[in-house]
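First up is the structure itself, then whatever we jot down about it.
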Amino acid sequence: MTTKHNHPMVFGRREAGCPRCEEMNKGAPAVRWNMKGYNPREDVMAQIRAHDCKAAKCGLVCTAFDW
């Protein structure tokens with residue numbers, strides 16, 4: 001667990017007086033997300049397979065998964 005920033009992060013800019021920014025200035029590594037075992041395509045495919053256009057009352061063209 002790392003120290004949290006006490007300000008909103010804007011494009012990675014560091015601010016004086018922030019404990020996390022000070023840690024990073026001293027060489028602490030940036031936090032990396034662990035995405036091991038996560039496959040978003042499987043989640044999306046499961047949602048598409050479970051979607052029922054008739055129940056959702058889609059029109060001629062289904063737009064349920066247009067983000």
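Convention: chains lettered A, B, ... in structure tokens order; per-chain residue numbering from 1; ligands numbered from 1 as shown.
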
Notebook entry, point to check: Could you pull out all residues of chain A with a DSSP call of alpha helix (DSSP H) and give them as an MDAnalysis selection string?
Noted result: chainID A and resid 19:25 40:50 53:56

Checklist line | Near-region 2-14 of chain A list (9 Å; only C-alpha atoms; drop same-chain fewer than 4 positions) as an NGL selection string | finding: :A and (18-25 or 31)

Emit the selected residues as a compact mmCIF listing (two decimals), in the first residue's frame, including C-alpha atoms.
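Full text of out20.txt as output:
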# COMPACT_ATOMS: atom_id res chain seq x y z
CA CYS A 18 1.82 16.15 -1.03
CA PRO A 19 3.28 13.14 0.83
CA ARG A 20 2.95 10.79 -2.16
CA CYS A 21 4.53 13.31 -4.54
CA GLU A 22 7.43 13.65 -2.09
CA GLU A 23 7.86 9.84 -2.06
CA MET A 24 7.94 9.82 -5.84
CA ASN A 25 10.44 12.69 -5.94
CA VAL A 31 1.80 2.26 -8.68

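Across the model, the gap from CA of Ala30 (chain A) to CA of Glu42 (chain A) is 28.6 Å.
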
Item checked: For region 58-66 of chain A: contacts at 10 Å, only C-alpha atoms, fewer than 5 positions along chain excluded, given as a ChimeraX atom specification -> /A:44,47-48,51-53

For the residues in that selection, give me N, CA and C atoms as a JSON list (two decimals), in the first residue's frame.
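And here's result_16.json as it stands now:
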[["chain", "number", "residue", "atom", "x", "y", "z"],
["A", 44, "VAL", "N", -17.11, -9.07, -22.05],
["A", 44, "VAL", "CA", -17.94, -8.47, -23.09],
["A", 44, "VAL", "C", -18.65, -9.56, -23.89],
["A", 47, "GLN", "N", -21.62, -10.82, -22.00],
["A", 47, "GLN", "CA", -22.73, -9.86, -22.03],
["A", 47, "GLN", "C", -23.45, -9.91, -23.37],
["A", 48, "ILE", "N", -22.68, -10.00, -24.45],
["A", 48, "ILE", "CA", -23.29, -10.05, -25.78],
["A", 48, "ILE", "C", -24.12, -11.32, -25.93],
["A", 51, "HIS", "N", -27.41, -11.03, -24.10],
["A", 51, "HIS", "CA", -28.31, -9.97, -24.54],
["A", 51, "HIS", "C", -29.43, -10.54, -25.41],
["A", 52, "ASP", "N", -30.64, -10.09, -25.15],
["A", 52, "ASP", "CA", -31.81, -10.51, -25.91],
["A", 52, "ASP", "C", -32.43, -9.27, -26.56],
["A", 53, "CYS", "N", -32.27, -9.15, -27.87],
["A", 53, "CYS", "CA", -32.77, -7.96, -28.57],
["A", 53, "CYS", "C", -34.29, -7.81, -28.46]]
